[in-house]
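Dumped upload.txt below, it's compact mmCIF, C-alpha atoms:
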# COMPACT_ATOMS: atom_id res chain seq x y z
CA MET P 705 160.89 -111.31 -59.72
CA GLN P 706 164.51 -111.36 -60.91
CA PRO P 707 165.99 -108.20 -62.46
CA ARG P 708 166.69 -108.56 -66.14
CA PRO P 709 170.32 -108.52 -67.33
CA LEU P 710 171.52 -105.36 -69.03
CA CYS P 711 173.27 -106.28 -72.27
CA LEU P 712 176.10 -104.01 -73.38
CA PRO P 713 176.96 -102.86 -76.91
CA TYR P 714 180.59 -103.86 -76.23
CA PRO P 715 182.06 -107.19 -75.06
CA GLY P 716 180.73 -108.40 -71.71
CA SER P 717 177.48 -107.95 -69.86
CA ILE P 718 176.32 -106.82 -66.47
CA ASN P 719 173.74 -108.92 -64.70
CA PHE P 720 172.55 -107.28 -61.52
CA SER P 721 170.73 -110.46 -60.53
CA GLN P 722 174.15 -111.98 -59.83
CA ALA P 723 174.69 -109.54 -56.98
CA GLY P 724 171.56 -110.57 -55.08
CA PRO P 725 170.19 -109.02 -51.91
CA ALA P 726 172.64 -110.99 -49.76
CA GLY P 727 175.65 -109.59 -51.57
CA LEU P 728 174.59 -105.97 -51.88
CA GLY P 729 172.41 -103.72 -49.81
CA ARG P 730 169.50 -102.11 -51.62
CA ALA P 731 171.04 -98.65 -51.47
CA ASN P 732 174.38 -99.86 -52.82
CA LEU P 733 172.70 -101.82 -55.59
CA LEU P 734 170.64 -98.79 -56.62
CA TYR P 735 173.78 -96.65 -56.60
CA ARG P 736 175.49 -99.08 -58.94
CA ILE P 737 172.51 -99.20 -61.27
CA VAL P 738 172.34 -95.40 -61.43
CA SER P 739 176.11 -95.20 -62.01
CA PHE P 740 175.86 -97.68 -64.86
CA MET P 741 172.85 -95.99 -66.43
CA SER P 742 174.63 -92.63 -66.23
CA GLY P 743 177.05 -93.93 -68.84
CA SER P 744 180.20 -94.64 -66.83
CA LYS P 745 182.51 -96.39 -69.28
CA ILE P 746 186.00 -97.73 -68.64
CA VAL P 747 188.53 -98.56 -71.33
CA VAL P 748 191.51 -100.69 -70.31
CA THR P 749 194.45 -100.81 -72.71
CA GLY P 750 196.78 -103.79 -72.57
CA ALA P 751 193.86 -105.79 -71.19
CA SER P 752 195.50 -109.12 -72.08
CA GLY P 753 198.58 -108.45 -69.94
CA VAL P 754 199.04 -109.45 -66.30
CA LEU P 755 198.06 -106.05 -64.91
CA GLY P 756 195.54 -105.23 -67.64
CA THR P 757 193.71 -108.53 -67.16
CA ALA P 758 193.37 -107.90 -63.42
CA VAL P 759 192.18 -104.34 -63.99
CA HIS P 760 189.64 -105.39 -66.64
CA LYS P 761 188.22 -108.10 -64.38
CA ALA P 762 188.07 -105.79 -61.35
CA PHE P 763 185.99 -103.20 -63.18
CA GLU P 764 183.68 -105.88 -64.57
CA LYS P 765 183.25 -107.31 -61.08
CA ALA P 766 182.37 -103.88 -59.72
CA LEU P 767 179.06 -104.13 -61.67
CA ARG P 768 178.72 -100.40 -62.16
CA TYR P 769 180.67 -99.81 -65.35
CA GLU P 770 180.57 -100.67 -68.99
CA VAL P 771 184.08 -102.05 -69.52
CA VAL P 772 185.92 -102.35 -72.82
CA GLY P 773 189.28 -104.10 -72.88
CA LEU P 774 191.72 -103.42 -75.71
CA LYS P 775 194.31 -105.90 -76.96
CA ASN P 776 196.97 -105.94 -79.64
CA LYS P 777 197.98 -109.52 -80.49
CA SER P 778 196.14 -111.58 -77.90
CA PRO P 779 193.69 -114.23 -79.19
CA ALA P 780 191.24 -113.34 -76.38
CA SER P 781 187.85 -113.00 -78.10
CA HIS P 782 186.27 -110.86 -75.34
CA LEU P 783 188.72 -108.01 -76.01
CA VAL P 784 188.70 -105.45 -78.81
CA GLN P 785 191.60 -105.55 -81.27
CA LEU P 786 193.42 -102.23 -81.62
CA ASP P 787 196.92 -101.13 -82.58
CA LEU P 788 197.41 -98.15 -80.27
CA THR P 789 200.20 -96.82 -82.46
CA ASP P 790 197.59 -96.28 -85.20
CA LYS P 791 196.38 -92.81 -84.26
CA GLU P 792 193.36 -92.73 -86.54
CA ALA P 793 192.07 -96.12 -85.43
CA THR P 794 192.64 -95.20 -81.77
CA LYS P 795 190.80 -91.92 -82.15
CA GLN P 796 187.91 -93.58 -83.97
CA ILE P 797 187.30 -96.30 -81.39
CA LEU P 798 187.57 -93.94 -78.42
CA GLU P 799 185.18 -91.50 -80.07
CA GLU P 800 182.72 -94.36 -80.56
CA ILE P 801 183.01 -95.59 -76.97
CA LYS P 802 183.18 -92.15 -75.33
CA PRO P 803 184.82 -93.50 -72.16
CA THR P 804 184.70 -91.83 -68.78
CA TRP P 805 188.10 -93.25 -67.85
CA VAL P 806 190.94 -94.84 -69.81
CA ILE P 807 193.33 -96.98 -67.76
CA HIS P 808 196.46 -97.21 -69.89
CA CYS P 809 198.29 -100.43 -68.98
CA ALA P 810 199.80 -101.17 -72.40
CA ALA P 811 203.57 -100.68 -72.60
CA GLU P 812 206.86 -102.28 -73.47
CA ARG P 813 207.65 -103.34 -69.90
CA ARG P 814 210.76 -105.48 -70.49
CA PRO P 815 214.01 -103.52 -69.97
CA ASP P 816 216.09 -105.94 -72.06
CA VAL P 817 213.68 -105.76 -75.00
CA ALA P 818 213.53 -101.97 -74.70
CA GLU P 819 217.30 -101.75 -75.13
CA LYS P 820 217.15 -103.84 -78.31
CA ASP P 821 214.12 -102.12 -79.87
CA GLN P 822 214.50 -98.50 -78.86
CA VAL P 823 212.41 -97.11 -81.72
CA GLY P 824 209.46 -99.39 -81.05
CA THR P 825 209.71 -98.80 -77.31
CA GLN P 826 209.77 -95.03 -77.83
CA LEU P 827 206.64 -95.23 -79.97
CA LEU P 828 204.70 -97.38 -77.49
CA ASN P 829 205.92 -95.90 -74.20
CA VAL P 830 206.05 -92.23 -75.20
CA GLY P 831 204.10 -91.62 -78.41
CA VAL P 832 200.98 -93.58 -77.41
CA PRO P 833 200.46 -92.04 -73.94
CA GLY P 834 201.16 -88.59 -75.37
CA TYR P 835 198.44 -89.06 -77.97
CA LEU P 836 196.04 -90.51 -75.39
CA GLY P 837 196.63 -87.36 -73.36
CA GLU P 838 195.54 -85.27 -76.36
CA LEU P 839 192.45 -87.44 -76.82
CA ALA P 840 191.62 -87.17 -73.11
CA LYS P 841 191.00 -83.47 -73.65
CA ALA P 842 189.36 -83.78 -77.06
CA ILE P 843 186.98 -86.62 -76.14
CA ASP P 844 186.62 -85.66 -72.47
CA PHE P 845 187.82 -88.66 -70.46
CA THR P 846 190.23 -89.09 -67.57
CA LEU P 847 193.47 -90.87 -68.44
CA VAL P 848 195.36 -92.96 -65.88
CA TYR P 849 198.87 -93.69 -67.16
CA ILE P 850 200.56 -96.65 -65.49
CA SER P 851 204.23 -95.84 -64.99
CA THR P 852 207.11 -97.42 -63.07
CA ASP P 853 209.52 -97.00 -60.17
CA TYR P 854 212.30 -97.31 -62.77
CA VAL P 855 211.98 -93.59 -63.51
CA PHE P 856 214.31 -93.26 -60.48
CA ASP P 857 217.96 -94.34 -60.38
CA GLY P 858 217.57 -96.04 -56.99
CA ARG P 859 221.02 -94.99 -55.80
CA SER P 860 219.97 -93.17 -52.64
CA PRO P 861 216.21 -93.21 -52.00
CA PRO P 862 215.02 -90.69 -49.41
CA PRO P 863 213.88 -92.00 -46.01
CA GLY P 864 210.42 -93.41 -46.60
CA GLY P 865 210.97 -93.70 -50.34
CA TYR P 866 210.80 -91.53 -53.43
CA THR P 867 207.87 -89.11 -53.40
CA PRO P 868 205.87 -88.10 -56.48
CA GLU P 869 207.87 -84.85 -56.48
CA SER P 870 211.31 -86.52 -56.29
CA PRO P 871 213.57 -85.78 -59.29
CA THR P 872 213.63 -88.62 -61.82
CA ASN P 873 216.84 -90.07 -63.25
CA PRO P 874 216.23 -93.34 -65.14
CA LEU P 875 219.20 -95.58 -65.82
CA GLN P 876 218.06 -97.39 -68.96
CA ILE P 877 215.87 -97.01 -72.06
CA TYR P 878 212.82 -98.56 -70.41
CA GLY P 879 212.90 -96.09 -67.52
CA GLN P 880 213.69 -93.20 -69.83
CA THR P 881 210.74 -93.90 -72.12
CA LYS P 882 208.34 -94.35 -69.19
CA ARG P 883 209.57 -91.04 -67.73
CA ASP P 884 209.12 -89.35 -71.11
CA GLY P 885 205.64 -90.88 -71.32
CA GLU P 886 204.89 -89.35 -67.93
CA ASN P 887 206.06 -85.96 -69.16
CA ALA P 888 203.83 -86.21 -72.23
CA VAL P 889 200.79 -87.07 -70.08
CA LEU P 890 201.56 -84.31 -67.56
CA GLN P 891 201.97 -81.81 -70.40
CA ALA P 892 198.49 -82.76 -71.63
CA ARG P 893 197.24 -82.10 -68.08
CA GLN P 894 198.77 -78.62 -68.17
CA GLN P 895 196.84 -78.03 -71.40
CA GLY P 896 193.52 -78.91 -69.79
CA ALA P 897 193.30 -82.71 -70.04
CA ARG P 898 192.36 -84.80 -67.02
CA THR P 899 195.32 -87.11 -66.50
CA VAL P 900 196.93 -89.01 -63.62
CA VAL P 901 200.27 -90.84 -63.54
CA LEU P 902 200.29 -93.96 -61.34
CA ARG P 903 203.77 -95.33 -60.63
CA VAL P 904 204.04 -98.97 -59.56
CA PRO P 905 206.99 -101.32 -58.86
CA VAL P 906 207.63 -104.88 -60.07
CA LEU P 907 204.35 -106.80 -60.33
CA TYR P 908 203.10 -110.31 -59.67
CA GLY P 909 199.77 -112.11 -59.56
CA PRO P 910 197.63 -114.47 -61.63
CA ALA P 911 199.18 -114.95 -65.07
CA PRO P 912 198.59 -117.38 -67.97
CA ASN P 913 202.35 -117.89 -68.17
CA ASN P 914 204.88 -117.30 -65.41
CA ALA P 915 207.16 -115.67 -67.98
CA ASP P 916 204.68 -112.79 -68.19
CA SER P 917 205.91 -111.48 -64.81
CA ALA P 918 209.46 -110.86 -63.58
CA VAL P 919 208.34 -112.28 -60.22
CA ASN P 920 206.20 -115.23 -61.35
CA ILE P 921 209.01 -116.51 -63.58
CA LEU P 922 211.09 -117.16 -60.46
CA ILE P 923 208.74 -120.04 -59.62
CA ASP P 924 209.88 -121.83 -62.78
CA VAL P 925 213.52 -121.18 -61.85
CA VAL P 926 212.98 -122.70 -58.41
CA ARG P 927 211.08 -125.70 -59.76
CA ASP P 928 213.75 -126.56 -62.36
CA GLN P 929 216.28 -128.22 -60.07
CA SER P 930 218.16 -129.65 -63.05
CA LYS P 931 219.45 -126.24 -64.10
CA GLU P 932 221.94 -124.03 -62.26
CA SER P 933 221.01 -120.35 -62.23
CA ASN P 934 222.62 -117.13 -61.04
CA MET P 935 220.12 -114.95 -59.19
CA ASP P 936 220.25 -111.26 -58.30
CA ASP P 937 220.77 -110.80 -54.59
CA TYR P 938 221.70 -107.12 -54.96
CA ALA P 939 218.76 -104.98 -56.09
CA ILE P 940 216.01 -104.39 -53.54
CA ARG P 941 212.49 -104.77 -54.93
CA TYR P 942 208.97 -104.22 -53.66
CA PRO P 943 206.79 -106.80 -55.44
CA THR P 944 203.18 -105.67 -55.64
CA ASN P 945 200.10 -107.71 -56.50
CA VAL P 946 198.18 -106.75 -59.63
CA LEU P 947 194.89 -107.65 -57.92
CA ASP P 948 195.58 -105.01 -55.28
CA ILE P 949 196.39 -102.37 -57.91
CA ALA P 950 193.23 -103.27 -59.83
CA SER P 951 191.10 -102.90 -56.70
CA PHE P 952 192.77 -99.57 -55.97
CA LEU P 953 191.99 -98.29 -59.48
CA VAL P 954 188.31 -99.19 -59.11
CA ARG P 955 188.20 -97.27 -55.84
CA LEU P 956 190.14 -94.39 -57.40
CA THR P 957 187.47 -93.88 -60.07
CA ASP P 958 184.90 -93.37 -57.31
CA LEU P 959 186.71 -90.19 -56.25
CA SER P 960 186.17 -86.77 -57.70
CA VAL P 961 188.71 -86.21 -60.47
CA ASP P 962 189.36 -82.73 -59.07
CA THR P 963 190.84 -84.29 -55.90
CA LEU P 964 193.45 -86.34 -57.77
CA PRO P 965 197.06 -85.08 -57.89
CA PRO P 966 199.09 -85.36 -61.11
CA ILE P 967 201.23 -88.25 -59.81
CA LEU P 968 200.40 -91.07 -57.41
CA HIS P 969 202.44 -94.01 -56.12
CA TYR P 970 201.11 -97.48 -55.36
CA SER P 971 203.47 -100.02 -53.83
CA ALA P 972 203.65 -102.77 -51.27
CA HIS P 973 206.36 -102.10 -48.70
CA GLU P 974 207.81 -105.58 -48.14
CA SER P 975 211.30 -105.62 -49.66
CA PHE P 976 213.14 -108.57 -51.21
CA THR P 977 215.92 -109.32 -53.64
CA LYS P 978 215.10 -111.79 -56.38
CA TYR P 979 217.15 -114.41 -54.57
CA GLN P 980 215.13 -113.85 -51.40
CA MET P 981 211.93 -114.30 -53.40
CA CYS P 982 213.31 -117.59 -54.69
CA GLN P 983 213.94 -118.66 -51.09
CA ILE P 984 210.30 -117.93 -50.26
CA PHE P 985 209.09 -119.92 -53.27
CA ALA P 986 211.36 -122.83 -52.36
CA SER P 987 209.97 -122.83 -48.83
CA ILE P 988 206.37 -122.81 -50.07
CA LEU P 989 207.08 -125.58 -52.59
CA GLY P 990 208.86 -127.71 -49.98
CA PHE P 991 212.32 -127.59 -51.58
CA ASN P 992 214.94 -127.86 -48.84
CA ASP P 993 217.98 -127.63 -51.12
CA MET P 994 218.42 -124.51 -53.25
CA ASN P 995 222.12 -125.00 -54.05
CA TYR P 996 221.37 -124.90 -57.77
CA ILE P 997 220.49 -121.21 -57.50
CA LYS P 998 223.53 -119.02 -56.82
CA PRO P 999 223.08 -115.57 -55.23
CA VAL P 1000 224.86 -112.70 -56.97
CA SER P 1001 225.40 -109.73 -54.65
CA THR P 1002 226.83 -107.31 -57.22
CA PRO P 1003 225.09 -105.35 -60.00
CA PRO P 1004 225.12 -106.86 -63.51
CA THR P 1005 228.13 -105.99 -65.64
CA GLY P 1006 229.55 -106.85 -69.03
CA ALA P 1007 228.31 -106.69 -72.60
CA GLY P 1008 224.56 -106.87 -72.93
CA ALA P 1009 223.87 -106.19 -69.24
CA THR P 1010 220.95 -103.81 -68.71
CA SER P 1011 221.34 -101.43 -65.77
CA ARG P 1012 218.69 -101.74 -63.10
CA PRO P 1013 218.20 -99.49 -60.08
CA TYR P 1014 219.39 -100.62 -56.65
CA ASN P 1015 216.43 -99.47 -54.52
CA CYS P 1016 213.47 -97.57 -56.01
CA HIS P 1017 211.25 -97.63 -52.95
CA LEU P 1018 208.13 -95.57 -53.66
CA SER P 1019 206.62 -93.47 -50.90
CA THR P 1020 202.84 -93.95 -50.79
CA THR P 1021 202.13 -91.29 -48.14
CA GLU P 1022 200.30 -89.00 -50.56
CA THR P 1023 198.28 -91.89 -51.99
CA GLU P 1024 197.19 -93.03 -48.54
CA LYS P 1025 195.74 -89.59 -47.88
CA LEU P 1026 193.23 -90.42 -50.62
CA LEU P 1027 192.64 -94.15 -50.16
CA PRO P 1028 194.00 -97.08 -48.13
CA LEU P 1029 196.40 -99.30 -50.08
CA GLU P 1030 195.09 -102.72 -48.92
CA CYS P 1031 198.20 -104.61 -50.10
CA SER P 1032 198.51 -108.39 -49.90
CA GLY P 1033 201.28 -110.03 -47.92
CA PHE P 1034 203.76 -111.50 -50.41
CA LYS P 1035 204.34 -114.92 -48.83
CA THR P 1036 200.74 -115.28 -47.64
CA TRP P 1037 199.30 -114.63 -51.09
CA TRP P 1038 201.70 -117.03 -52.79
CA GLU P 1039 201.02 -119.77 -50.23
CA GLU P 1040 197.30 -119.53 -50.95
CA TYR P 1041 197.79 -119.28 -54.71
CA LEU P 1042 200.27 -122.11 -55.11
CA HIS P 1043 198.56 -124.44 -52.67
CA GLY P 1044 195.34 -123.78 -54.55
CA GLY P 1045 196.78 -125.72 -57.48
CA LYS P 1046 197.86 -122.80 -59.63
Now, as a test, write the supplied structure out as structure tokens.
Amino acid sequence: MQPRPLCLPYPGSINFSQAGPAGLGRANLLYRIVSFMSGSKIVVTGASGVLGTAVHKAFEKALRYEVVGLKNKSPASHLVQLDLTDKEATKQILEEIKPTWVIHCAAERRPDVAEKDQVGTQLLNVGVPGYLGELAKAIDFTLVYISTDYVFDGRSPPPGGYTPESPTNPLQIYGQTKRDGENAVLQARQQGARTVVLRVPVLYGPAPNNADSAVNILIDVVRDQSKESNMDDYAIRYPTNVLDIASFLVRLTDLSVDTLPPILHYSAHESFTKYQMCQIFASILGFNDMNYIKPVSTPPTGAGATSRPYNCHLSTTETEKLLPLECSGFKTWWEEYLHGGK
């Protein structure tokens, strides 16, 4: 006799029959059923973005949570529409859902846009996480705030990388607002809220449009051999797969909240410049000539140039004391993804 599907009051459904005895041991399946019936609910903000989509799918796949994804302007019908800058609407929907965890992925993540719209960026990157921190205490959920390595200036990273305790010194509006968002979330923690800051570097992974990721977009640059491009060969980056971060977050929610420090780092440790990433993509795509892409080995200058850190390597030592990272190899993942017809 097949187990009946459990239909949720929010978008999505969990069907334990999909797991099957071959996929899950009886004990594990029972654990997941009990966890679901105990009311474990996950809210993912920014669930239409590259990271948010991966996180939303990972929690749904885990089969032990009721998952609600929030969107702003996306047409995705399986997500719930919400303007997070509307405090009353945000409070109302979170009070209705009563989540166990809120994974806050929504942000203005584009440094160039942040410079041009400083007021809007301040509201989204500082005001929203600060208010979610207040609601975390009032409604009784744990807030995970996704932050960035750009809270550091990258001028002289310590051996092994910046630790969660390293002094921050952002170079541009984007980094400043994410740092201020961190401070707002950590202040809520000091006032009794359960909050965690998770810093991550530049991200890549499955995306509807390559332009949605600062790494994925390089594929389009490499493919367009008709256009000459200048490419950064100065700043050192640590591209990290959103699928790995999503898996980590699922595993993180299995831990006791009391064991979680205020700040965690998650990062792959392979380092590349953007030009070096382009070389990898060209190799995978079979392009022998990359003369149309010119390496630039100096930091950007001139009017309109947005400062970016040189090397913001994040130390993950403290994170690995809690959980293994399980990061994908950059070239290996892209070979499989691109050769799979993506």
Review point. If you count all atoms listed in the file, which residues fall within 9 Å of P:Ile850, apart from same-chain ones fewer than 2 positions away, as a ChimeraX atom specification?
Key: /P:807-811,848,852,882,886,900-904
Exercise for review: Return the single residue from P:Ile940, P:Ala897, P:Ala972, P:Val925 that is closest to P:Leu836, with distances computed using all atoms listed in the file.
Suggested key: P:Ala897
Point to revise | Exercise: P:Gln894 partners within 12 Å, all atoms listed in the file, chain neighbours under 4 positions left out, as a ChimeraX atom specification | key: /P:837-838,841,887-890,898-900,966
Exercise for review: Tell me, as JSON, numbers by chain, which residues lie within 8 Å of stretch 991-1000 of chain P, counting only C-alpha atoms; anything in the same chain fewer than 4 positions away does not count.
Suggested key: {"P": [926, 929, 930, 931, 932, 933, 934, 935, 936, 937, 938, 979, 983, 986, 987]}
Output the selection as a CSV table (one decimal), keeping the file's coordinate frame - C-alpha atoms for each residue.
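Written file, out_26.csv:
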chain,number,residue,atom,x,y,z
P,926,VAL,CA,213.0,-122.7,-58.4
P,929,GLN,CA,216.3,-128.2,-60.1
P,930,SER,CA,218.2,-129.6,-63.0
P,931,LYS,CA,219.4,-126.2,-64.1
P,932,GLU,CA,221.9,-124.0,-62.3
P,933,SER,CA,221.0,-120.4,-62.2
P,934,ASN,CA,222.6,-117.1,-61.0
P,935,MET,CA,220.1,-115.0,-59.2
P,936,ASP,CA,220.2,-111.3,-58.3
P,937,ASP,CA,220.8,-110.8,-54.6
P,938,TYR,CA,221.7,-107.1,-55.0
P,979,TYR,CA,217.2,-114.4,-54.6
P,983,GLN,CA,213.9,-118.7,-51.1
P,986,ALA,CA,211.4,-122.8,-52.4
P,987,SER,CA,210.0,-122.8,-48.8
Point to revise | Top pick for closest residue to P:Ser971, considering P:Pro863, P:Pro1028, P:Pro905, P:Gly990 and counting all atoms listed in the file | key: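 Ranked by minimum distance to P:Ser971, first place goes to P:Pro905.
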Check your understanding: At what distance in Å, to one decimal, does atom CA of P:Glu1030 lie from atom CA of P:Pro815?
Key ->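 Pair atom CA of P:Pro815 / atom CA of P:Glu1030 returns 28.3 Å.
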Practice item. Go through P:Asp916, P:Pro871, P:Val954, P:Asp928 and flag the residue nearest P:Val771, using all atoms listed in the file for the distances. Key: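 With all atoms listed in the file as the atom set, the closest residue is P:Val954.
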Revision key, fill the gap. Of P:Asn1015, P:Thr757, P:Thr957, P:Thr881, the one sitting nearest P:Arg941 when using all atoms listed in the file is P:Asn1015
Exercise for review: Tell me which protein, DNA and RNA residues are within 9 Å of P:Gly1033, counting only C-alpha atoms, leaving out same-chain ones fewer than 4 positions away, and put them as a PyMOL selection string.
Suggested key: chain P and resi 945+972+974+1037-1038
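Of the listed residues P:Ile877, P:Ile984, P:Val748, P:Ala950, the one whose atoms come nearest to P:Gln826 is P:Ile877, with distances taken using all atoms listed in the file.
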Exercise for review: Could you tell me which of P:Thr789, P:Ser917, P:Thr963, P:Gln980 comes closest to P:Asn829 if we count all atoms listed in the file?
Suggested key: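 For P:Asn829, the nearest of the given residues is P:Thr789.
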Practice item. Between atom CA of P:Leu947 and atom CA of P:Ser960, measure the distance and give it in Å to one decimal. Key: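 Separation of atom CA of P:Leu947 and atom CA of P:Ser960: 22.6 Å.
What separates atom CA of P:Leu964 from atom CA of P:Thr1023 is a distance of 9.4 Å.
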Check your understanding: Leaving out P:Asn914 and any residue of its chain fewer than 5 positions from it, which residues lie within 10 Å of it when counting only C-alpha atoms, given as an NGL selection string?
Key -> :P and (754 or 908-909 or 919-924)
